[in-house]
Amino acid sequence: MYHVKTILMAVKPLATSCAAGLKLAASRHSLRNAGNRCLPVQTRHYATSMTAEPFLNGSTSVYVEEMYEAWQKDPTSVHKSWDVFFRNTDQGLAPGQAYQAPPIFPSYQMTPVAYSQAPMPSPTAVAPLVAPQVGQQNVGSKTIDEHLAVQAIIRSYQIRGHNIAKLDPLGINSADLQDEKPKELQLHNYNLSESEMEQVFQLPSSCYIGGDQRALPLKDIISRLQSVYCEHIGLEFMFINNFEQCDWIRRRFETPGIMETSNDEKRVLMARLIRSTRFEEFLASTWVSEKRFGLEGCEVLIPAMKQVIDSSSERGVESFIMGMPHRGRLNVLANVCRKPLEHLFSQFEALTGRDEGSGDVKYHLGCSTVRRNHATNKNIHLAVVANPSHLEAVNPVVQGKTYAEQFYRGDRDGKKVMSMLLHGDAAFSGQGVVYETFHLSDLPSYSTMGTIHIVCNNQIGFTTDPRHSRSSPYCTDVARVVNAPIFHVNADDPEAVMYVCKVAAAWRNEFSKDVVIDLVSYRRHGHNEVDEPRFTQPLMYKRIGETKPLLEKYTNKLVSDGTVTEEEVQLEKTKYDGVLKKALAEVKSTVVYNAIWLDSPWTGFFAGKDPLKLPKTGVSETILMEIGKKCSTPPEDFVCHKALLRTLKDRAKMIENRIADWAIGEYFAFGSLLMEDVHVRLSGQDVERGTFSHRHHVLHDQDVDKKVYIPLKNLSQSQATYTACNSSLSEFGVLGFEVGYSLTNPNALVCWEAQFGDFSNTAQCIIDQFISSGQAKWARQSGIVLLLPHGYEGMGPEHSSARLERFLQMSNDDPDYYPPPGPHFASQQLNDCNWIVANCTTPANLFHILRRQILLPFRKPLILMTPKSLLRHPEARSSFDDFTESSLFHRMLLEDGPAASNPEAVEKLIFCSGKVYYDLAKTRRERGLDNKIAINRIEQITPFPFDRVESEATKYSNAKVVWCQEEHKNMGGWSYVEPCILTALKHTRKVSYAGRQTAPSTATGNKYQHITELQTLLNDAMNVEQTTMKVPV
């Protein structure tokens, strides 16, 4: 780089002599901006000012650097004038002396020839360039001006050619929403005229339009650039700040003849188009009024996906995880995944599944299949992940599932498993989760080593014109943030689409980075088949009505050029029509199960297990001591922070005293599972240390950068893998990722922790659409654990509540139904619920509920309200006796003080959950009410422990029943718990409320008001004279 800086300084005098000849002012601003996107982010310091150099700003400065790098490898690869200049610079000549003007090119005429057959100019066609003597004055500035102008033209086409590419099949829109031709692509702005069109110019080393030819006439240069960059493919890649990657793309599109398609490939393409088109036509004619969100207008999507799969399979990929919106999903299931057609058609016949679940609409369903890939003769696995109508919500789920499969296969480079994401144009540019997912693409614990994105670009939203739905030129501009190349292609040129798909697959394999294929197409019908689009887009749909379907246009082309005959086309159509009709005839005899749509089947997991058997979750004290020693002892050659050393010493002291706080309880849960060969993954914002500096699962050496020690990775030689990873500052994307991760393997504890509990509300879509309802809709279980810090401690509205009430509201546990009692009461409840919501108050109960999560014979999501102040509360400790083999998880922690010894004398029975228990216990002790008030902690709120509540109410038969919470009355557990308690008591007693009154905000931001509210609710709870706010039966 030092030499490059020296060269750039040396060129300064050259700029002064060339400035008059190079009149690029009209386009300089755009070139400068476009070119700078190709530069690595760095700060340069030059000895001389560069502001006056027209060709050393923007893209030209990059060009000089590229030429210098090429010259270092091969001096003959650059123009002789530059060779001389670089040699002089390397000899140490000062700025102003290195440049020596070349002799003028003689007049040169060349007969126009075919694009791929233009001959190299003969040695006599161009005058030989003789290196002038050092110090010789400029005698050929016009020549160098013209050469620099041509270099700028070439680079402008590479950067901006896509802006004038013929991408719209309808011919009415510019894909970038800009109708004007960029000034950089207008020849007159370069001070070049028709007289220079026949003049021969040497091509730069980073341009491949000449093939084996190193120089071409200007008219051929422009013609070839237009054919590469301005026809049916628009390339956006020059913003990538990596020369190797940019050059790789240039080679694959600029090399003459590289995009030719063989006749065999054309026949395969035609057959795939027939299947894609005839499938939609069959559905439309058989179920006329049904919504199916068909592919009409973008039928090329099916051949495109199959081409990506073929090309990737050739490179060794064995498993493809796909996510997509509803448009085209049925076609993808049928013709890409080869889902049995009778299963698809049964969804139109409204046949009810014979297994669990309420099901979902047909265009949301997923699948998992293994089939033979005919192109490679290899077996491949294809999974389409189920997705709700929240179009892009599935993106991070797919990435998490892909990453997990790569992890379990040991596929660190992503060569065996890859993800494909399909998008709509309006959603791709409009939904923030797209951006969040892209930003996971290169993070160490989240990267899937490249995703191929395919945009089905209808050039319209539901009814919204793209000019009103995005501010960016293209719907794909979000991909630029991760340096993903973007290949725009006219979807009515299927051969161009196939070539782009081949390049995309090769790109991912070569660089392990994302790539975007933008299929610029149209939507032949409205948003769905019964929608009327002409209300809002009359002119667009008039043109669509005049446009022939792609299959008709392409088969006519193949017939006219002799590739196939009309008989061959008709035979292929008839063959596939027969397949469709046969499948329809078999629908009525088809037995339907919701499970056939599983995108993540757990083969063998449920076999031989008793679904009603609760597991033993305790472990031996030996294991506890072993884990405790590891979590409290840093390695010898490691410099810990002094404060952290004190924390570790405190841990060691507790271990010695057989006591565990919250952090140690979590260590015990994770560590014991790891030693039982259960993979544990903890993800979220700042989870390695913990938001409240309590966890410290990753220790950092204070003297050596990047030197870390992870105790849970050093338990034993045979342990499973532990992953603790700080995530990006994202909830929607990261939680979706972890949900996908949890779907892949049931034998892993996958946890996502919110920085504060209420931050989960930005991931509400994942919680609502995937976690709470996933099993009911898609027969898909997940053991994902959400750790949500929750508790009112005067920290304000945004750091107090994890919105417990929302999770309880989404529970399918019926508060008016008391399940039949029996030995399997608790396990049956767990089997029947959609998720578990708990608010544990002891480290031991945390330990048991986390271990139970993985030891159950089935999987349910676990929503855990986790503490903040209790992390260090002296009473929130557990003895080792509460972790050992004879211990278990307690759905409700019962009163064990003086009140329990004389229940007849108890005047008030309080049920509560979470941190408020410690406030109540302290106040009760201070007021001497231990004999009069009993306090029970409901640890597992849903499924509700009806049996335990009933037995405790029976025990304290003379006591008034109260529910106490620290949340406001319209929040927290009250709305859910009140009818549950009444049901448990068979409506024979009243239930009163003690807590904060209703409020629109979760908590006050005023510390004094917080204390006042807390004192008020404690007074209400401790008042044994009267019951607050009696609720009538």
# chains A, B, ... in the order shown; residues from 1 in each chain; ligands from 1

call {"tool": "select_by_dssp", "arguments": {"residues": "segment 203-288 of chain A", "states": "strand (DSSP E)", "output": "MDAnalysis selection string"}}
result
chainID A and resid 215:217 233:236

call {"tool": "residues_around", "arguments": {"residues": "Val520 of chain A", "least_positions_apart": "6", "cutoff": "6 Å", "atoms": "only C-alpha atoms", "output": "ChimeraX atom specification"}}
result
/A:457,489-491

call {"tool": "select_by_dssp", "arguments": {"residues": "segment 820-968 of chain A", "states": "helix (DSSP H, G or I)", "output": "NGL selection string"}}
result
:A and (825-832 or 843-855 or 869-871 or 880-882 or 898-901 or 903-905 or 916-926 or 946-955)

call {"tool": "residues_around", "arguments": {"residues": "Glu805 of chain A", "least_positions_apart": "2", "cutoff": "7 Å", "atoms": "only C-alpha atoms", "output": "short mmCIF file (atom, residue, chain, number, x, y, z; two decimals) with all heavy atoms, in the first residue's frame"}}
result
data_model
loop_
_atom_site.label_atom_id
_atom_site.label_comp_id
_atom_site.auth_asym_id
_atom_site.auth_seq_id
_atom_site.Cartn_x
_atom_site.Cartn_y
_atom_site.Cartn_z
N ARG A 803 -44.02 -8.49 30.67
CA ARG A 803 -45.39 -8.63 30.15
C ARG A 803 -45.89 -10.07 30.34
O ARG A 803 -46.36 -10.72 29.39
CB ARG A 803 -45.46 -8.22 28.68
CG ARG A 803 -45.27 -6.73 28.45
CD ARG A 803 -46.42 -5.94 29.01
NE ARG A 803 -46.42 -4.54 28.63
CZ ARG A 803 -47.39 -3.69 28.91
NH1 ARG A 803 -48.44 -4.11 29.59
NH2 ARG A 803 -47.32 -2.44 28.56
N PHE A 807 -48.17 -13.66 27.90
CA PHE A 807 -47.87 -15.09 27.76
C PHE A 807 -48.97 -15.93 28.38
O PHE A 807 -49.32 -17.00 27.86
CB PHE A 807 -46.52 -15.39 28.42
CG PHE A 807 -45.37 -14.70 27.74
CD1 PHE A 807 -44.85 -13.52 28.26
CD2 PHE A 807 -44.81 -15.21 26.58
CE1 PHE A 807 -43.80 -12.87 27.63
CE2 PHE A 807 -43.76 -14.58 25.94
CZ PHE A 807 -43.26 -13.40 26.47
N LEU A 808 -49.54 -15.47 29.49
CA LEU A 808 -50.63 -16.21 30.12
C LEU A 808 -51.89 -16.16 29.26
O LEU A 808 -52.64 -17.13 29.17
CB LEU A 808 -50.91 -15.63 31.51
CG LEU A 808 -49.77 -15.78 32.52
CD1 LEU A 808 -50.15 -15.08 33.84
CD2 LEU A 808 -49.44 -17.23 32.77
N GLN A 809 -52.11 -15.01 28.63
CA GLN A 809 -53.29 -14.88 27.77
C GLN A 809 -53.22 -15.84 26.59
O GLN A 809 -54.24 -16.36 26.14
CB GLN A 809 -53.41 -13.44 27.27
CG GLN A 809 -54.65 -13.18 26.43
CD GLN A 809 -54.64 -11.79 25.81
OE1 GLN A 809 -53.62 -11.33 25.33
NE2 GLN A 809 -55.78 -11.12 25.84
N MET A 971 -52.34 -6.01 34.54
CA MET A 971 -51.15 -6.70 34.02
C MET A 971 -50.83 -7.87 34.95
O MET A 971 -51.62 -8.23 35.82
CB MET A 971 -49.97 -5.72 33.94
CG MET A 971 -50.24 -4.49 33.10
SD MET A 971 -48.93 -3.28 33.24
CE MET A 971 -49.76 -1.83 32.58
N GLY A 972 -49.69 -8.49 34.73
CA GLY A 972 -49.28 -9.58 35.61
C GLY A 972 -50.21 -10.77 35.52
O GLY A 972 -50.87 -11.01 34.51
N GLY A 973 -50.30 -11.54 36.61
CA GLY A 973 -51.03 -12.79 36.56
C GLY A 973 -52.49 -12.74 36.97
O GLY A 973 -53.21 -13.73 36.80
#

call {"tool": "closest_residue", "arguments": {"among": "A:Gln702, A:Ala838, A:Leu365, A:Cys964", "to": "Lys339 of chain A", "atoms": "only C-alpha atoms"}}
result
A:Leu365

call {"tool": "closest_residue", "arguments": {"among": "A:Asn88, A:Thr448, A:Asn458, A:Ser913", "to": "Gly424 of chain A", "atoms": "only C-alpha atoms"}}
result
A:Asn458

call {"tool": "residues_around", "arguments": {"residues": "Leu519 of chain A", "least_positions_apart": "5", "cutoff": "12 Å", "atoms": "only C-alpha atoms", "output": "PyMOL selection string"}}
result
chain A and resi 167-169+175+232-234+297-305+422-425+453-459+474-476+486-494+496-498+500-501

call {"tool": "closest_atom_pairs", "arguments": {"of": "segment 386-477 of chain A", "to": "segment 306-317 of chain A", "cutoff": "9 Å", "atoms": "only C-alpha atoms", "output": "CSV"}}
result
residue,atom,partner,partner_atom,distance
A:Gly414,CA,A:Val317,CA,8.2
A:Lys415,CA,A:Val317,CA,5.6
A:Lys416,CA,A:Val317,CA,4.1
A:Val417,CA,A:Val317,CA,5.7
A:Met418,CA,A:Val317,CA,7.0
A:Ile452,CA,A:Val308,CA,8.4

call {"tool": "residues_around", "arguments": {"residues": "Cys230 of chain A", "least_positions_apart": "5", "cutoff": "9 Å", "atoms": "only C-alpha atoms", "output": "ChimeraX atom specification"}}
result
/A:157,161-167,225,235

call {"tool": "write_last_selection", "arguments": {"atoms": "all heavy atoms", "output": "PDB file, in the first residue's frame"}}
result
ATOM      1  N   TYR A 157     -20.074   1.523 -16.803  1.00  0.00           N
ATOM      2  CA  TYR A 157     -20.971   0.433 -17.181  1.00  0.00           C
ATOM      3  C   TYR A 157     -21.000  -0.655 -16.115  1.00  0.00           C
ATOM      4  O   TYR A 157     -22.051  -1.225 -15.803  1.00  0.00           O
ATOM      5  CB  TYR A 157     -20.571  -0.159 -18.534  1.00  0.00           C
ATOM      6  CG  TYR A 157     -21.219   0.543 -19.701  1.00  0.00           C
ATOM      7  CD1 TYR A 157     -20.554   1.545 -20.393  1.00  0.00           C
ATOM      8  CD2 TYR A 157     -22.512   0.210 -20.103  1.00  0.00           C
ATOM      9  CE1 TYR A 157     -21.150   2.203 -21.457  1.00  0.00           C
ATOM     10  CE2 TYR A 157     -23.122   0.857 -21.169  1.00  0.00           C
ATOM     11  CZ  TYR A 157     -22.430   1.858 -21.837  1.00  0.00           C
ATOM     12  OH  TYR A 157     -23.036   2.507 -22.885  1.00  0.00           O
ATOM     13  N   GLY A 161     -24.494   0.160 -15.247  1.00  0.00           N
ATOM     14  CA  GLY A 161     -25.168  -0.449 -16.390  1.00  0.00           C
ATOM     15  C   GLY A 161     -26.533  -1.011 -16.052  1.00  0.00           C
ATOM     16  O   GLY A 161     -27.464  -0.984 -16.866  1.00  0.00           O
ATOM     17  N   HIS A 162     -26.691  -1.522 -14.843  1.00  0.00           N
ATOM     18  CA  HIS A 162     -27.969  -2.113 -14.436  1.00  0.00           C
ATOM     19  C   HIS A 162     -29.100  -1.099 -14.463  1.00  0.00           C
ATOM     20  O   HIS A 162     -30.275  -1.477 -14.601  1.00  0.00           O
ATOM     21  CB  HIS A 162     -27.835  -2.715 -13.036  1.00  0.00           C
ATOM     22  CG  HIS A 162     -27.428  -1.726 -11.984  1.00  0.00           C
ATOM     23  ND1 HIS A 162     -28.323  -0.908 -11.328  1.00  0.00           N
ATOM     24  CD2 HIS A 162     -26.201  -1.417 -11.472  1.00  0.00           C
ATOM     25  CE1 HIS A 162     -27.682  -0.150 -10.460  1.00  0.00           C
ATOM     26  NE2 HIS A 162     -26.389  -0.430 -10.528  1.00  0.00           N
ATOM     27  N   ASN A 163     -28.774   0.200 -14.375  1.00  0.00           N
ATOM     28  CA  ASN A 163     -29.821   1.224 -14.350  1.00  0.00           C
ATOM     29  C   ASN A 163     -30.568   1.333 -15.670  1.00  0.00           C
ATOM     30  O   ASN A 163     -31.691   1.850 -15.714  1.00  0.00           O
ATOM     31  CB  ASN A 163     -29.243   2.583 -13.987  1.00  0.00           C
ATOM     32  CG  ASN A 163     -28.789   2.658 -12.544  1.00  0.00           C
ATOM     33  OD1 ASN A 163     -27.604   2.793 -12.263  1.00  0.00           O
ATOM     34  ND2 ASN A 163     -29.712   2.553 -11.608  1.00  0.00           N
ATOM     35  N   ILE A 164     -29.958   0.882 -16.752  1.00  0.00           N
ATOM     36  CA  ILE A 164     -30.643   0.961 -18.043  1.00  0.00           C
ATOM     37  C   ILE A 164     -30.855  -0.428 -18.647  1.00  0.00           C
ATOM     38  O   ILE A 164     -31.147  -0.558 -19.836  1.00  0.00           O
ATOM     39  CB  ILE A 164     -29.873   1.865 -19.037  1.00  0.00           C
ATOM     40  CG1 ILE A 164     -28.446   1.351 -19.262  1.00  0.00           C
ATOM     41  CG2 ILE A 164     -29.858   3.305 -18.557  1.00  0.00           C
ATOM     42  CD1 ILE A 164     -27.720   2.086 -20.372  1.00  0.00           C
ATOM     43  N   ALA A 165     -30.698  -1.478 -17.829  1.00  0.00           N
ATOM     44  CA  ALA A 165     -30.943  -2.829 -18.325  1.00  0.00           C
ATOM     45  C   ALA A 165     -32.431  -3.029 -18.601  1.00  0.00           C
ATOM     46  O   ALA A 165     -33.288  -2.392 -17.983  1.00  0.00           O
ATOM     47  CB  ALA A 165     -30.445  -3.855 -17.303  1.00  0.00           C
ATOM     48  N   LYS A 166     -32.733  -3.909 -19.539  1.00  0.00           N
ATOM     49  CA  LYS A 166     -34.129  -4.182 -19.940  1.00  0.00           C
ATOM     50  C   LYS A 166     -34.693  -5.273 -19.028  1.00  0.00           C
ATOM     51  O   LYS A 166     -34.790  -6.444 -19.400  1.00  0.00           O
ATOM     52  CB  LYS A 166     -34.167  -4.605 -21.401  1.00  0.00           C
ATOM     53  CG  LYS A 166     -33.531  -3.596 -22.360  1.00  0.00           C
ATOM     54  CD  LYS A 166     -33.501  -4.136 -23.778  1.00  0.00           C
ATOM     55  CE  LYS A 166     -32.813  -3.187 -24.736  1.00  0.00           C
ATOM     56  NZ  LYS A 166     -31.355  -3.071 -24.466  1.00  0.00           N
ATOM     57  N   LEU A 167     -35.095  -4.881 -17.843  1.00  0.00           N
ATOM     58  CA  LEU A 167     -35.455  -5.849 -16.814  1.00  0.00           C
ATOM     59  C   LEU A 167     -36.955  -6.128 -16.712  1.00  0.00           C
ATOM     60  O   LEU A 167     -37.350  -7.207 -16.288  1.00  0.00           O
ATOM     61  CB  LEU A 167     -34.943  -5.361 -15.450  1.00  0.00           C
ATOM     62  CG  LEU A 167     -33.419  -5.195 -15.317  1.00  0.00           C
ATOM     63  CD1 LEU A 167     -33.060  -4.621 -13.952  1.00  0.00           C
ATOM     64  CD2 LEU A 167     -32.711  -6.529 -15.533  1.00  0.00           C
ATOM     65  N   LEU A 225     -20.028  -3.924 -23.632  1.00  0.00           N
ATOM     66  CA  LEU A 225     -20.443  -3.543 -22.282  1.00  0.00           C
ATOM     67  C   LEU A 225     -21.967  -3.497 -22.179  1.00  0.00           C
ATOM     68  O   LEU A 225     -22.553  -3.931 -21.186  1.00  0.00           O
ATOM     69  CB  LEU A 225     -19.850  -2.191 -21.910  1.00  0.00           C
ATOM     70  CG  LEU A 225     -18.347  -2.160 -21.636  1.00  0.00           C
ATOM     71  CD1 LEU A 225     -17.869  -0.724 -21.506  1.00  0.00           C
ATOM     72  CD2 LEU A 225     -18.000  -2.954 -20.380  1.00  0.00           C
ATOM     73  N   LEU A 235     -26.472  -6.099 -13.170  1.00  0.00           N
ATOM     74  CA  LEU A 235     -25.552  -6.540 -12.126  1.00  0.00           C
ATOM     75  C   LEU A 235     -25.218  -5.395 -11.178  1.00  0.00           C
ATOM     76  O   LEU A 235     -24.774  -4.330 -11.604  1.00  0.00           O
ATOM     77  CB  LEU A 235     -24.259  -7.075 -12.741  1.00  0.00           C
ATOM     78  CG  LEU A 235     -24.406  -8.214 -13.760  1.00  0.00           C
ATOM     79  CD1 LEU A 235     -23.058  -8.554 -14.374  1.00  0.00           C
ATOM     80  CD2 LEU A 235     -25.009  -9.439 -13.095  1.00  0.00           C
TER      81      LEU A 235
END

call {"tool": "atom_distance", "arguments": {"atom1": "atom CA of Asn1019 of chain A", "atom2": "atom CA of Ala984 of chain A"}}
result
26.5 Å

call {"tool": "atom_distance", "arguments": {"atom1": "atom CA of Ala643 of chain A", "atom2": "atom CA of Glu666 of chain A"}}
result
20.7 Å

call {"tool": "residues_around", "arguments": {"residues": "Ala876 of chain A", "least_positions_apart": "3", "cutoff": "6 Å", "atoms": "only C-alpha atoms", "output": "tab-separated table (two decimals) with all heavy atoms, in the first residue's frame"}}
result
chain	number	residue	atom	x	y	z
A	842	THR	N	-36.26	-19.66	43.37
A	842	THR	CA	-35.08	-20.26	43.98
A	842	THR	C	-34.16	-20.82	42.90
A	842	THR	O	-34.64	-21.29	41.86
A	842	THR	CB	-35.46	-21.40	44.94
A	842	THR	OG1	-35.98	-22.51	44.19
A	842	THR	CG2	-36.48	-20.94	45.97
A	870	LEU	N	-32.94	-10.53	42.77
A	870	LEU	CA	-32.80	-11.84	43.42
A	870	LEU	C	-31.50	-12.54	43.05
A	870	LEU	O	-31.10	-13.50	43.71
A	870	LEU	CB	-33.98	-12.75	43.06
A	870	LEU	CG	-35.37	-12.35	43.54
A	870	LEU	CD1	-36.35	-13.48	43.32
A	870	LEU	CD2	-35.36	-11.93	44.99
A	873	HIS	N	-29.72	-11.69	46.05
A	873	HIS	CA	-30.48	-11.61	47.29
A	873	HIS	C	-29.99	-12.70	48.25
A	873	HIS	O	-29.92	-13.88	47.89
A	873	HIS	CB	-31.97	-11.79	46.99
A	873	HIS	CG	-32.87	-11.33	48.09
A	873	HIS	ND1	-32.96	-11.97	49.30
A	873	HIS	CD2	-33.73	-10.27	48.16
A	873	HIS	CE1	-33.83	-11.35	50.07
A	873	HIS	NE2	-34.32	-10.31	49.39
